[in-house]
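One structure is given below, encoded as structure tokens.
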Amino acid sequence: MFQETQTSLKQRYQEDERPWFVGFGGGKDSTMMASLIFDAVLSIPTEHRRKPISVLCTDTSVEIPAIVEMIEGIVGSCS
């Protein structure tokens with residue numbers, strides 16, 4: 001199932017030039033989705049990686065402190 005998902009994501013990435021926006025809240029679902037997307041895209045040769053990908057994160061003010069710290073660490077390292 002993992003390989004099928006990776007193959008599907010790579011195909012979709014290369015289908016057109018429209019940018020991707022990935023929602024990220026720091027929970028298990030959005031973390032897994034972001035990880036799958038970036039693993040798939042990084043497996044594409046550099047010369048074929050032309051589509052921009054943006055990660056969108058919104059603070060809903062209901063996250064536990066550990067999640068907030070993790071998100072801040074990730075977002076801070078991407079700036």
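Naming scheme: A, B, ... for chains in displayed order of the structure tokens; residues 1 onward per chain; ligands 1 onward as shown.
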
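Contact shell of Leu56 of chain A at 12 Å (only C-alpha atoms; same-chain neighbours under 2 positions omitted): Trp20, Phe21, Val22, Gly23, Phe24, Gly25, Gly26, Ser30, Ala34, Ile53, Ser54, Thr58, Asp59, Ile71, Ile74, Val75 and Cys78 of chain A.
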
Go ahead and save the residues from that selection, with C-alpha atoms, as a JSON list (two decimals), in the first residue's frame.
[["chain", "number", "residue", "atom", "x", "y", "z"],
["A", 20, "TRP", "CA", 0.49, 22.13, -4.08],
["A", 21, "PHE", "CA", -0.63, 23.44, -0.72],
["A", 22, "VAL", "CA", -0.29, 20.96, 2.12],
["A", 23, "GLY", "CA", -2.29, 21.56, 5.30],
["A", 24, "PHE", "CA", -0.30, 20.75, 8.42],
["A", 25, "GLY", "CA", -1.64, 20.83, 11.96],
["A", 26, "GLY", "CA", 1.00, 18.75, 13.70],
["A", 30, "SER", "CA", -1.31, 15.73, 8.71],
["A", 34, "ALA", "CA", 3.19, 15.73, 4.72],
["A", 53, "ILE", "CA", 4.88, 22.99, -2.58],
["A", 54, "SER", "CA", 3.76, 25.17, 0.33],
["A", 58, "THR", "CA", -2.83, 27.37, 11.34],
["A", 59, "ASP", "CA", -2.68, 27.75, 15.09],
["A", 71, "ILE", "CA", 5.32, 22.83, 14.89],
["A", 74, "ILE", "CA", 9.53, 22.65, 12.02],
["A", 75, "VAL", "CA", 8.25, 25.99, 10.77],
["A", 78, "CYS", "CA", 11.89, 26.03, 7.09]]

Legend entry - Long-range neighbours of Ser35 of chain A as a ChimeraX atom specification, 12 Å cut-off, only C-alpha atoms, 3 positions minimum in chain: /A:2,5-6,9,22-24,26-32,38-42,55

Keeping N, CA, C and O atoms, export the residues of the selection given above as a PDB file, in the first residue's frame.
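So again04.pdb came out as:
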ATOM      1  N   PHE A   2       1.973   1.236   0.754  1.00  0.00           N
ATOM      2  CA  PHE A   2       2.878   2.387   0.810  1.00  0.00           C
ATOM      3  C   PHE A   2       3.422   2.715  -0.577  1.00  0.00           C
ATOM      4  O   PHE A   2       3.413   3.877  -0.997  1.00  0.00           O
ATOM      5  N   THR A   5       0.842   4.299  -2.815  1.00  0.00           N
ATOM      6  CA  THR A   5       0.616   5.699  -2.449  1.00  0.00           C
ATOM      7  C   THR A   5       1.748   6.566  -2.981  1.00  0.00           C
ATOM      8  O   THR A   5       1.501   7.636  -3.554  1.00  0.00           O
ATOM      9  N   GLN A   6       2.994   6.131  -2.803  1.00  0.00           N
ATOM     10  CA  GLN A   6       4.142   6.886  -3.293  1.00  0.00           C
ATOM     11  C   GLN A   6       4.078   7.049  -4.812  1.00  0.00           C
ATOM     12  O   GLN A   6       4.311   8.132  -5.337  1.00  0.00           O
ATOM     13  N   LEU A   9       1.323   9.568  -5.713  1.00  0.00           N
ATOM     14  CA  LEU A   9       1.728  10.943  -5.418  1.00  0.00           C
ATOM     15  C   LEU A   9       2.736  11.456  -6.438  1.00  0.00           C
ATOM     16  O   LEU A   9       2.650  12.601  -6.895  1.00  0.00           O
ATOM     17  N   VAL A  22      -0.127  22.066   1.197  1.00  0.00           N
ATOM     18  CA  VAL A  22      -0.292  20.957   2.119  1.00  0.00           C
ATOM     19  C   VAL A  22      -0.688  21.522   3.485  1.00  0.00           C
ATOM     20  O   VAL A  22       0.050  22.318   4.059  1.00  0.00           O
ATOM     21  N   GLY A  23      -1.860  21.135   3.970  1.00  0.00           N
ATOM     22  CA  GLY A  23      -2.287  21.558   5.296  1.00  0.00           C
ATOM     23  C   GLY A  23      -1.582  20.748   6.363  1.00  0.00           C
ATOM     24  O   GLY A  23      -1.492  19.520   6.267  1.00  0.00           O
ATOM     25  N   PHE A  24      -1.049  21.429   7.375  1.00  0.00           N
ATOM     26  CA  PHE A  24      -0.298  20.751   8.419  1.00  0.00           C
ATOM     27  C   PHE A  24      -0.710  21.299   9.777  1.00  0.00           C
ATOM     28  O   PHE A  24      -0.592  22.496  10.028  1.00  0.00           O
ATOM     29  N   GLY A  26       0.120  19.344  12.709  1.00  0.00           N
ATOM     30  CA  GLY A  26       0.995  18.748  13.702  1.00  0.00           C
ATOM     31  C   GLY A  26       0.491  17.443  14.286  1.00  0.00           C
ATOM     32  O   GLY A  26       1.202  16.787  15.033  1.00  0.00           O
ATOM     33  N   GLY A  27      -0.723  17.062  13.941  1.00  0.00           N
ATOM     34  CA  GLY A  27      -1.265  15.793  14.418  1.00  0.00           C
ATOM     35  C   GLY A  27      -0.773  14.629  13.576  1.00  0.00           C
ATOM     36  O   GLY A  27      -0.043  14.801  12.605  1.00  0.00           O
ATOM     37  N   LYS A  28      -1.212  13.439  13.946  1.00  0.00           N
ATOM     38  CA  LYS A  28      -0.713  12.237  13.265  1.00  0.00           C
ATOM     39  C   LYS A  28      -1.111  12.179  11.796  1.00  0.00           C
ATOM     40  O   LYS A  28      -0.321  11.754  10.955  1.00  0.00           O
ATOM     41  N   ASP A  29      -2.324  12.612  11.473  1.00  0.00           N
ATOM     42  CA  ASP A  29      -2.788  12.520  10.083  1.00  0.00           C
ATOM     43  C   ASP A  29      -2.050  13.493   9.167  1.00  0.00           C
ATOM     44  O   ASP A  29      -1.550  13.106   8.107  1.00  0.00           O
ATOM     45  N   SER A  30      -1.977  14.760   9.578  1.00  0.00           N
ATOM     46  CA  SER A  30      -1.310  15.734   8.709  1.00  0.00           C
ATOM     47  C   SER A  30       0.200  15.505   8.664  1.00  0.00           C
ATOM     48  O   SER A  30       0.834  15.752   7.644  1.00  0.00           O
ATOM     49  N   THR A  31       0.765  15.001   9.749  1.00  0.00           N
ATOM     50  CA  THR A  31       2.187  14.688   9.752  1.00  0.00           C
ATOM     51  C   THR A  31       2.476  13.547   8.793  1.00  0.00           C
ATOM     52  O   THR A  31       3.437  13.609   8.011  1.00  0.00           O
ATOM     53  N   MET A  32       1.645  12.521   8.800  1.00  0.00           N
ATOM     54  CA  MET A  32       1.829  11.399   7.884  1.00  0.00           C
ATOM     55  C   MET A  32       1.661  11.852   6.433  1.00  0.00           C
ATOM     56  O   MET A  32       2.452  11.489   5.556  1.00  0.00           O
ATOM     57  N   PHE A  38       6.388  14.585   0.876  1.00  0.00           N
ATOM     58  CA  PHE A  38       7.789  14.969   0.708  1.00  0.00           C
ATOM     59  C   PHE A  38       8.681  13.783   0.374  1.00  0.00           C
ATOM     60  O   PHE A  38       9.614  13.917  -0.423  1.00  0.00           O
ATOM     61  N   ASP A  39       8.412  12.611   0.926  1.00  0.00           N
ATOM     62  CA  ASP A  39       9.178  11.422   0.546  1.00  0.00           C
ATOM     63  C   ASP A  39       8.998  11.118  -0.939  1.00  0.00           C
ATOM     64  O   ASP A  39       9.958  10.795  -1.642  1.00  0.00           O
ATOM     65  N   ALA A  40       7.760  11.216  -1.417  1.00  0.00           N
ATOM     66  CA  ALA A  40       7.484  10.934  -2.828  1.00  0.00           C
ATOM     67  C   ALA A  40       8.186  11.940  -3.730  1.00  0.00           C
ATOM     68  O   ALA A  40       8.848  11.570  -4.705  1.00  0.00           O
ATOM     69  N   VAL A  41       8.062  13.217  -3.405  1.00  0.00           N
ATOM     70  CA  VAL A  41       8.655  14.252  -4.252  1.00  0.00           C
ATOM     71  C   VAL A  41      10.183  14.169  -4.232  1.00  0.00           C
ATOM     72  O   VAL A  41      10.833  14.331  -5.271  1.00  0.00           O
ATOM     73  N   LEU A  42      10.765  13.902  -3.073  1.00  0.00           N
ATOM     74  CA  LEU A  42      12.222  13.800  -3.001  1.00  0.00           C
ATOM     75  C   LEU A  42      12.771  12.599  -3.766  1.00  0.00           C
ATOM     76  O   LEU A  42      13.959  12.569  -4.103  1.00  0.00           O
ATOM     77  N   VAL A  55       3.578  24.521   2.645  1.00  0.00           N
ATOM     78  CA  VAL A  55       2.957  23.888   3.804  1.00  0.00           C
ATOM     79  C   VAL A  55       2.255  24.975   4.598  1.00  0.00           C
ATOM     80  O   VAL A  55       2.867  25.965   4.993  1.00  0.00           O
TER      81      VAL A  55
END

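The spacing separating atom CA of Ser43 of chain A from atom CA of Met1 of chain A amounts to 16.9 Å.
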